[in-house]
Amino acid sequence: MFDRKPILKKLISFCTIRITISSLREIRKQTRVLWILLAAGAILLFVFGLYNPLYFNYLYSFYCLLCAIGCLHKLFRKHVWPDRILSLLILCAWDILFLIFFIFKMANFGGLNLENVYHLVCFQGWLDFIYMDPLLVVGGILALILLICCTFFLTYLLSWCVGDFCGRRAQAVFSGLFVLFTALFFYNNVVFLQLSDIIKDFAFSQKYVTLKQEDYDAHGIKLWPLPWYKVQASPGKNLVYIILESTELTFLDQKLFPGLLPNLLHFRESAQSFENMSMAHNAQTTFGAMYSAMTGSYLTPSHTKGWWNPNVSSMFSSLSRILHNAGYEQHFLIGHSGNFAGIGNFILDQKYDFIWSGIDYDKRIVRPEFCVRDSAVFRQAWQTFQKLAEKNIPFNITLLTMDAHGPHGFYSPEEPAYPYPSAYSRLYNAMYASDHALGDFIKKIKGHPKYKDTCIVITCDHLAHYYTECRDILQQSSRRRLLFLIDNSSVKSWKADVPALTFDIGPTILDAMGVKHSYRFPLGESLYQNPDPRRLNYTKAQERVFYFYVILKNENRNLNFPLEISLHTNPFPLLQINSHRLPLLIGEANDTPREGEILVVLLPRKNEPIRWRTHYFKTFSFFHFFLNSNPGDIIFLGKIGSEKLPGMDKQVEPQTFFLGSIIHGKKQIVFDKKISNLKLYCR
């Protein structure tokens, strides 16, 4: 039977050298349960620390909190009920806070951020959630009660294992332990760190909501008060803009890659080469790099949540939007379907007139690596150049290559092969063949009469990825930079080593073309001028300030009734609700629905900030089940197949598109053979 004796008193006696060896053995025997519990917690901490640092933080916080409250029990030894009430309140507050953080962390990786806090304080959202899934709510409440009871029991178990004691010295010891464990609990606690970030964001944002230029100057951010279509622009030279996949400046180092890109090396000899350009924030992917280069900024969390959001930064201008305002005809050519992260949608939204794709959407969905060789893209580009050269209007031809994509590149045996032996022959063959096609394309342009009026720009989208098979050779370079070459520039003097980031590409190209415009890019600046070095200092503060700017410049942040709802296929398949545009994501592609497919959009409530949620159903039966379980307002669209649309008495022919809404319990639906004819008006 466990003998509860005043163990702490003996420990204090030990500190004053009044304890014997036998007493030490007695202490060790009597506190075995306490040591077992503490050791078990320490072992768990060690195991979780090896497995996952975040889980270690979770358990470490609970470990320190339980020990701190165990000390609190001993301090309140003579006041049982105040002790129990205070301990229970502390545990309740922490367990609720922790569960909220943990659920959001698992659900959307956000934890306690501003967006998730909004969901917590939205009373109507809680009512909808309880109505939709009451069992889940009940389960969550039971889990919380169980967690509180478990932690409360563990604190009393730890306290009981120590035993009873009295005296000022013991009170001082427990007070010190309580302060120590409390400090350890708050130290580096991930939940409290996120809470402090929220408080800082609230305080931080107040300074920038007024959109005063002097508040943004310290971060190199420039404000533009007008929407993009009010930018004044006059034409300059034509543009051939070539974006090479992963082909960074390092590949032109002849010591590391002898003879790999001879045509690009030859082009560089006569071109202006900017050799100190690094990747901007969130520009490590093709889409992020294209967005940064064209818009003179970088992506924020609000831009992409699985798919590019065309409503964010809708008022900002870009390289191609400025050229559109200046009267350019613009063509974009890509070797695959463009159906990745909304690249194709983004290009069309930036006012390109035509997009040529080497592979259709269906093949790209089945196998994302499907693409045509770069030689086919350059052949198409030459045909496009010849046609546009016959017109009496300025033009922009933009190409995006694919063959150099890691890890091994894309190569066909009929293409020219790298002439030297190499352990990385697959990638080198792909890059050599692409360079051969590039050289042939450039040679034809330079032999054309229109060349004197054409500016040729060659860049790469980003540095070669870490999984590229020749990464060991790339890492031998002490200075990896982006490729940025300009031929036939209107500006004759330049500095090759001027520091730059991806977002400087667009403004520099416009100067090279001789295009005059009134726009101020948020971050990017022309490298021909004297760019502000503050724009290059990426910090968390700059990221937050720029994020505020993006949100404040977003024209549409609320959904206000009445609603004008319509479907469009130009510039890409989309649903338009007032001025909000939602790409139609049918499965994995941006496309119009096929027979039997339905897309559902859940509407936010009146005057609430917009957070679009969509559901895609392959059959009408799944849609019928959804209608029976969803209480909110929705818009739905699809195409009639062999099944009958739920709740529809009207006989409709197959192959007919429909657009419907259920708002405030009122149902509307319209049908048409042509999807772009579908429109609804909801009060």
# chains A, B, ... in the order shown; residues from 1 in each chain; ligands from 1
>>> residues_around(residues="stretch 391-398 of chain A", least_positions_apart="6", cutoff="10 Å", atoms="only C-alpha atoms", output="ChimeraX atom specification")
/A:235-243,320,323-324,326-334,352-355,381-382,384-385,453-458
>>> write_last_selection(atoms="N, CA, C and O atoms", output="compact mmCIF listing (two decimals), in the first residue's frame")
# COMPACT_ATOMS: atom_id res chain seq x y z
N PRO A 235 2.38 53.09 -77.46
CA PRO A 235 3.17 51.95 -77.92
C PRO A 235 4.63 52.29 -78.19
O PRO A 235 4.99 53.44 -78.44
N GLY A 236 5.45 51.25 -78.12
CA GLY A 236 6.86 51.33 -78.50
C GLY A 236 7.16 50.21 -79.47
O GLY A 236 6.40 49.97 -80.42
N LYS A 237 8.23 49.49 -79.25
CA LYS A 237 8.60 48.39 -80.13
C LYS A 237 7.70 47.17 -79.88
O LYS A 237 7.00 47.08 -78.87
N ASN A 238 7.73 46.24 -80.83
CA ASN A 238 7.08 44.95 -80.62
C ASN A 238 7.88 44.15 -79.60
O ASN A 238 9.05 44.45 -79.32
N LEU A 239 7.27 43.12 -79.06
CA LEU A 239 7.91 42.32 -78.02
C LEU A 239 7.83 40.83 -78.34
O LEU A 239 6.75 40.32 -78.65
N VAL A 240 8.97 40.15 -78.26
CA VAL A 240 9.01 38.68 -78.22
C VAL A 240 9.60 38.31 -76.87
O VAL A 240 10.79 38.55 -76.61
N TYR A 241 8.78 37.78 -76.01
CA TYR A 241 9.13 37.53 -74.60
C TYR A 241 9.18 36.02 -74.39
O TYR A 241 8.15 35.34 -74.43
N ILE A 242 10.38 35.49 -74.18
CA ILE A 242 10.60 34.04 -74.06
C ILE A 242 10.93 33.70 -72.62
O ILE A 242 11.93 34.18 -72.07
N ILE A 243 10.10 32.86 -72.00
CA ILE A 243 10.32 32.42 -70.62
C ILE A 243 10.78 30.96 -70.66
O ILE A 243 10.00 30.07 -71.01
N SER A 320 1.28 43.06 -69.48
CA SER A 320 0.39 42.82 -70.61
C SER A 320 -0.84 43.73 -70.59
O SER A 320 -1.36 44.09 -71.65
N LEU A 323 0.32 46.94 -72.09
CA LEU A 323 0.44 46.79 -73.55
C LEU A 323 -0.93 46.75 -74.21
O LEU A 323 -1.12 47.25 -75.32
N HIS A 324 -1.90 46.16 -73.52
CA HIS A 324 -3.27 46.16 -74.04
C HIS A 324 -3.79 47.59 -74.16
O HIS A 324 -4.40 47.97 -75.18
N ALA A 326 -2.06 50.13 -74.61
CA ALA A 326 -1.29 50.82 -75.65
C ALA A 326 -1.63 50.32 -77.05
O ALA A 326 -1.03 50.78 -78.04
N GLY A 327 -2.58 49.37 -77.17
CA GLY A 327 -3.04 48.93 -78.48
C GLY A 327 -2.34 47.72 -79.05
O GLY A 327 -2.42 47.45 -80.26
N TYR A 328 -1.65 46.93 -78.23
CA TYR A 328 -0.93 45.75 -78.71
C TYR A 328 -1.88 44.56 -78.91
O TYR A 328 -2.81 44.37 -78.12
N GLU A 329 -1.59 43.75 -79.93
CA GLU A 329 -2.23 42.44 -80.06
C GLU A 329 -1.29 41.43 -79.40
O GLU A 329 -0.10 41.36 -79.74
N GLN A 330 -1.83 40.61 -78.49
CA GLN A 330 -0.97 39.79 -77.64
C GLN A 330 -1.32 38.30 -77.76
O GLN A 330 -2.48 37.92 -77.67
N HIS A 331 -0.27 37.50 -77.95
CA HIS A 331 -0.41 36.05 -78.09
C HIS A 331 0.46 35.37 -77.05
O HIS A 331 1.62 35.76 -76.85
N PHE A 332 -0.08 34.35 -76.41
CA PHE A 332 0.69 33.56 -75.45
C PHE A 332 0.74 32.12 -75.93
O PHE A 332 -0.29 31.53 -76.26
N LEU A 333 1.94 31.53 -75.96
CA LEU A 333 2.13 30.17 -76.45
C LEU A 333 2.75 29.32 -75.35
O LEU A 333 3.74 29.72 -74.72
N ILE A 334 2.18 28.14 -75.16
CA ILE A 334 2.65 27.25 -74.11
C ILE A 334 2.59 25.81 -74.61
O ILE A 334 1.68 25.46 -75.37
N TYR A 352 -4.30 39.06 -72.67
CA TYR A 352 -3.79 38.44 -73.89
C TYR A 352 -4.97 38.12 -74.79
O TYR A 352 -6.01 37.65 -74.33
N ASP A 353 -4.79 38.34 -76.08
CA ASP A 353 -5.91 38.13 -77.01
C ASP A 353 -6.07 36.68 -77.40
O ASP A 353 -7.19 36.22 -77.64
N PHE A 354 -4.95 35.94 -77.49
CA PHE A 354 -5.00 34.54 -77.91
C PHE A 354 -4.02 33.73 -77.07
O PHE A 354 -2.95 34.21 -76.71
N ILE A 355 -4.42 32.51 -76.76
CA ILE A 355 -3.51 31.59 -76.08
C ILE A 355 -3.45 30.31 -76.90
O ILE A 355 -4.48 29.73 -77.24
N ALA A 381 5.46 29.80 -82.78
CA ALA A 381 5.78 31.21 -82.51
C ALA A 381 6.27 31.91 -83.78
O ALA A 381 5.95 33.09 -84.01
N TRP A 382 7.04 31.21 -84.60
CA TRP A 382 7.52 31.82 -85.85
C TRP A 382 6.36 32.08 -86.80
O TRP A 382 6.29 33.13 -87.45
N THR A 384 3.30 32.66 -85.90
CA THR A 384 2.57 33.78 -85.31
C THR A 384 3.28 35.10 -85.59
O THR A 384 2.64 36.11 -85.92
N PHE A 385 4.61 35.10 -85.48
CA PHE A 385 5.39 36.31 -85.74
C PHE A 385 5.19 36.78 -87.18
O PHE A 385 5.00 37.98 -87.44
N ASP A 453 12.16 46.70 -85.34
CA ASP A 453 11.12 47.28 -84.49
C ASP A 453 10.71 46.31 -83.38
O ASP A 453 9.63 46.47 -82.79
N THR A 454 11.53 45.31 -83.12
CA THR A 454 11.15 44.26 -82.17
C THR A 454 12.20 44.11 -81.08
O THR A 454 13.39 44.02 -81.35
N CYS A 455 11.74 44.07 -79.86
CA CYS A 455 12.59 43.84 -78.69
C CYS A 455 12.46 42.36 -78.29
O CYS A 455 11.34 41.86 -78.12
N ILE A 456 13.59 41.66 -78.18
CA ILE A 456 13.58 40.24 -77.80
C ILE A 456 14.07 40.12 -76.36
O ILE A 456 15.16 40.58 -76.02
N VAL A 457 13.26 39.50 -75.52
CA VAL A 457 13.59 39.31 -74.11
C VAL A 457 13.60 37.82 -73.81
O VAL A 457 12.65 37.10 -74.16
N ILE A 458 14.67 37.34 -73.16
CA ILE A 458 14.75 35.95 -72.74
C ILE A 458 15.00 35.92 -71.23
O ILE A 458 15.98 36.49 -70.74
>>> residues_around(residues="stretch 145-148 of chain A", least_positions_apart="4", cutoff="8 Å", atoms="only C-alpha atoms", output="ChimeraX atom specification")
/A:88,91-92,95,141,152
>>> residues_around(residues="stretch 503-520 of chain A", least_positions_apart="5", cutoff="6 Å", atoms="only C-alpha atoms", output="count of residues only")
19
>>> atom_distance(atom1="atom CA of A:His266", atom2="atom CA of A:Gln383")
23.4 Å
>>> residues_around(residues="stretch 541-552 of chain A", least_positions_apart="5", cutoff="7 Å", atoms="only C-alpha atoms", output="list in words")
His219, Thr300 and Ser313 of chain A
>>> write_last_selection(atoms="all heavy atoms", output="compact mmCIF listing (two decimals), in the first residue's frame")
# COMPACT_ATOMS: atom_id res chain seq x y z
N HIS A 219 8.88 50.35 -46.88
CA HIS A 219 8.90 48.98 -47.38
C HIS A 219 9.07 48.92 -48.91
O HIS A 219 8.95 47.85 -49.50
CB HIS A 219 7.63 48.25 -46.97
CG HIS A 219 7.36 48.29 -45.50
ND1 HIS A 219 8.04 47.51 -44.59
CD2 HIS A 219 6.51 49.05 -44.76
CE1 HIS A 219 7.61 47.77 -43.37
NE2 HIS A 219 6.68 48.70 -43.45
N THR A 300 0.28 36.78 -52.55
CA THR A 300 -0.03 36.74 -51.13
C THR A 300 -0.95 35.54 -50.88
O THR A 300 -1.46 34.94 -51.83
CB THR A 300 -0.73 38.03 -50.69
OG1 THR A 300 -2.04 38.07 -51.28
CG2 THR A 300 0.07 39.26 -51.10
N SER A 313 -6.43 41.53 -56.35
CA SER A 313 -5.57 42.43 -57.15
C SER A 313 -6.19 42.73 -58.51
O SER A 313 -5.47 43.01 -59.47
CB SER A 313 -4.18 41.83 -57.34
OG SER A 313 -3.53 41.64 -56.11
>>> closest_residue(among="A:Cys371, A:Leu680, A:Cys67, A:Ile598", to="A:Glu643", atoms="only C-alpha atoms")
A:Ile598
>>> select_by_dssp(residues="stretch 468-658 of chain A", states="strand (DSSP E or B)", output="PyMOL selection string")
chain A and resi 484-487+500-501+516-517+558+563-568+574-577+580-583+585-586+589-590+598-602+609+613-617+634-639+657-658
>>> closest_residue(among="A:Phe192, A:Phe56, A:Phe267, A:Phe101", to="A:Asp440", atoms="only C-alpha atoms")
A:Phe267
>>> atom_distance(atom1="atom CA of A:Gly439", atom2="atom CA of A:Met402")
16.2 Å
>>> select_by_dssp(residues="stretch 402-576 of chain A", states="helix (DSSP H, G or I)", output="JSON, numbers by chain")
{"A": [425, 426, 427, 428, 429, 430, 431, 432, 433, 434, 435, 436, 437, 438, 439, 440, 441, 442, 443, 444, 445, 446, 449, 450, 451, 452, 453, 471, 472, 473, 474, 502, 503, 504, 505, 506, 507, 508, 509, 510, 511, 512, 513, 533, 534, 535, 536, 540, 541, 542, 543, 544, 545, 546, 547, 548, 549, 550, 551, 552, 553]}
>>> residues_around(residues="A:Leu265", least_positions_apart="4", cutoff="10 Å", atoms="only C-alpha atoms", output="number ranges by chain")
A: 251-254, 259-261, 269-271, 435, 439
>>> write_last_selection(atoms="N, CA, C and O atoms", output="mmCIF file, in the first residue's frame")
data_model
loop_
_atom_site.group_PDB
_atom_site.id
_atom_site.type_symbol
_atom_site.label_atom_id
_atom_site.label_comp_id
_atom_site.auth_asym_id
_atom_site.auth_seq_id
_atom_site.Cartn_x
_atom_site.Cartn_y
_atom_site.Cartn_z
ATOM 1 N N PHE A 251 23.559 27.879 -65.957
ATOM 2 C CA PHE A 251 23.721 26.936 -67.065
ATOM 3 C C PHE A 251 24.594 27.501 -68.189
ATOM 4 O O PHE A 251 25.020 26.750 -69.072
ATOM 5 N N LEU A 252 24.858 28.815 -68.171
ATOM 6 C CA LEU A 252 25.742 29.405 -69.185
ATOM 7 C C LEU A 252 27.208 29.376 -68.759
ATOM 8 O O LEU A 252 28.082 29.810 -69.514
ATOM 9 N N ASP A 253 27.491 28.854 -67.567
ATOM 10 C CA ASP A 253 28.872 28.714 -67.092
ATOM 11 C C ASP A 253 29.533 27.556 -67.842
ATOM 12 O O ASP A 253 29.192 26.385 -67.618
ATOM 13 N N GLN A 254 30.482 27.876 -68.702
ATOM 14 C CA GLN A 254 31.091 26.852 -69.556
ATOM 15 C C GLN A 254 31.989 25.891 -68.792
ATOM 16 O O GLN A 254 32.286 24.797 -69.283
ATOM 17 N N GLY A 259 29.252 23.636 -73.522
ATOM 18 C CA GLY A 259 28.527 23.363 -74.757
ATOM 19 C C GLY A 259 27.078 23.003 -74.597
ATOM 20 O O GLY A 259 26.453 22.510 -75.539
ATOM 21 N N LEU A 260 26.473 23.270 -73.425
ATOM 22 C CA LEU A 260 25.091 22.853 -73.202
ATOM 23 C C LEU A 260 24.095 23.758 -73.931
ATOM 24 O O LEU A 260 23.121 23.267 -74.519
ATOM 25 N N LEU A 261 24.314 25.085 -73.886
ATOM 26 C CA LEU A 261 23.375 26.041 -74.478
ATOM 27 C C LEU A 261 24.118 27.007 -75.396
ATOM 28 O O LEU A 261 24.218 28.210 -75.121
ATOM 29 N N GLU A 269 25.914 37.314 -75.938
ATOM 30 C CA GLU A 269 27.067 38.135 -76.312
ATOM 31 C C GLU A 269 26.660 39.491 -76.880
ATOM 32 O O GLU A 269 27.371 40.482 -76.701
ATOM 33 N N SER A 270 25.516 39.543 -77.559
ATOM 34 C CA SER A 270 25.077 40.800 -78.174
ATOM 35 C C SER A 270 23.921 41.449 -77.438
ATOM 36 O O SER A 270 23.464 42.522 -77.820
ATOM 37 N N ALA A 271 23.455 40.811 -76.376
ATOM 38 C CA ALA A 271 22.291 41.321 -75.641
ATOM 39 C C ALA A 271 22.730 42.014 -74.354
ATOM 40 O O ALA A 271 23.862 41.861 -73.892
ATOM 41 N N ASP A 435 17.486 24.528 -76.777
ATOM 42 C CA ASP A 435 18.384 25.618 -77.182
ATOM 43 C C ASP A 435 18.541 25.661 -78.694
ATOM 44 O O ASP A 435 18.616 26.742 -79.294
ATOM 45 N N GLY A 439 17.626 28.879 -80.927
ATOM 46 C CA GLY A 439 18.574 29.521 -81.840
ATOM 47 C C GLY A 439 18.008 29.681 -83.235
ATOM 48 O O GLY A 439 18.193 30.729 -83.876
#
>>> closest_residue(among="A:Asn309, A:Gln272, A:Ser246, A:Thr614", to="A:Lys495", atoms="only C-alpha atoms")
A:Gln272
>>> atom_distance(atom1="atom CA of A:Tyr187", atom2="atom CA of A:Ala68")
13.5 Å
>>> closest_residue(among="A:Phe185, A:Ile663, A:Val179, A:Lys74", to="A:Leu59", atoms="only C-alpha atoms")
A:Phe185
>>> closest_residue(among="A:Val312, A:Leu195, A:Leu142, A:Ile85", to="A:Phe98", atoms="only C-alpha atoms")
A:Leu195
>>> residues_around(residues="A:His568", least_positions_apart="6", cutoff="8 Å", atoms="only C-alpha atoms", output="list of chain:residue names")
A:Leu574, A:Leu575, A:Gln576, A:Ile675, A:Ser676
>>> closest_residue(among="A:Leu563, A:Ile635, A:Leu66, A:Ile442", to="A:Leu158", atoms="only C-alpha atoms")
A:Leu66
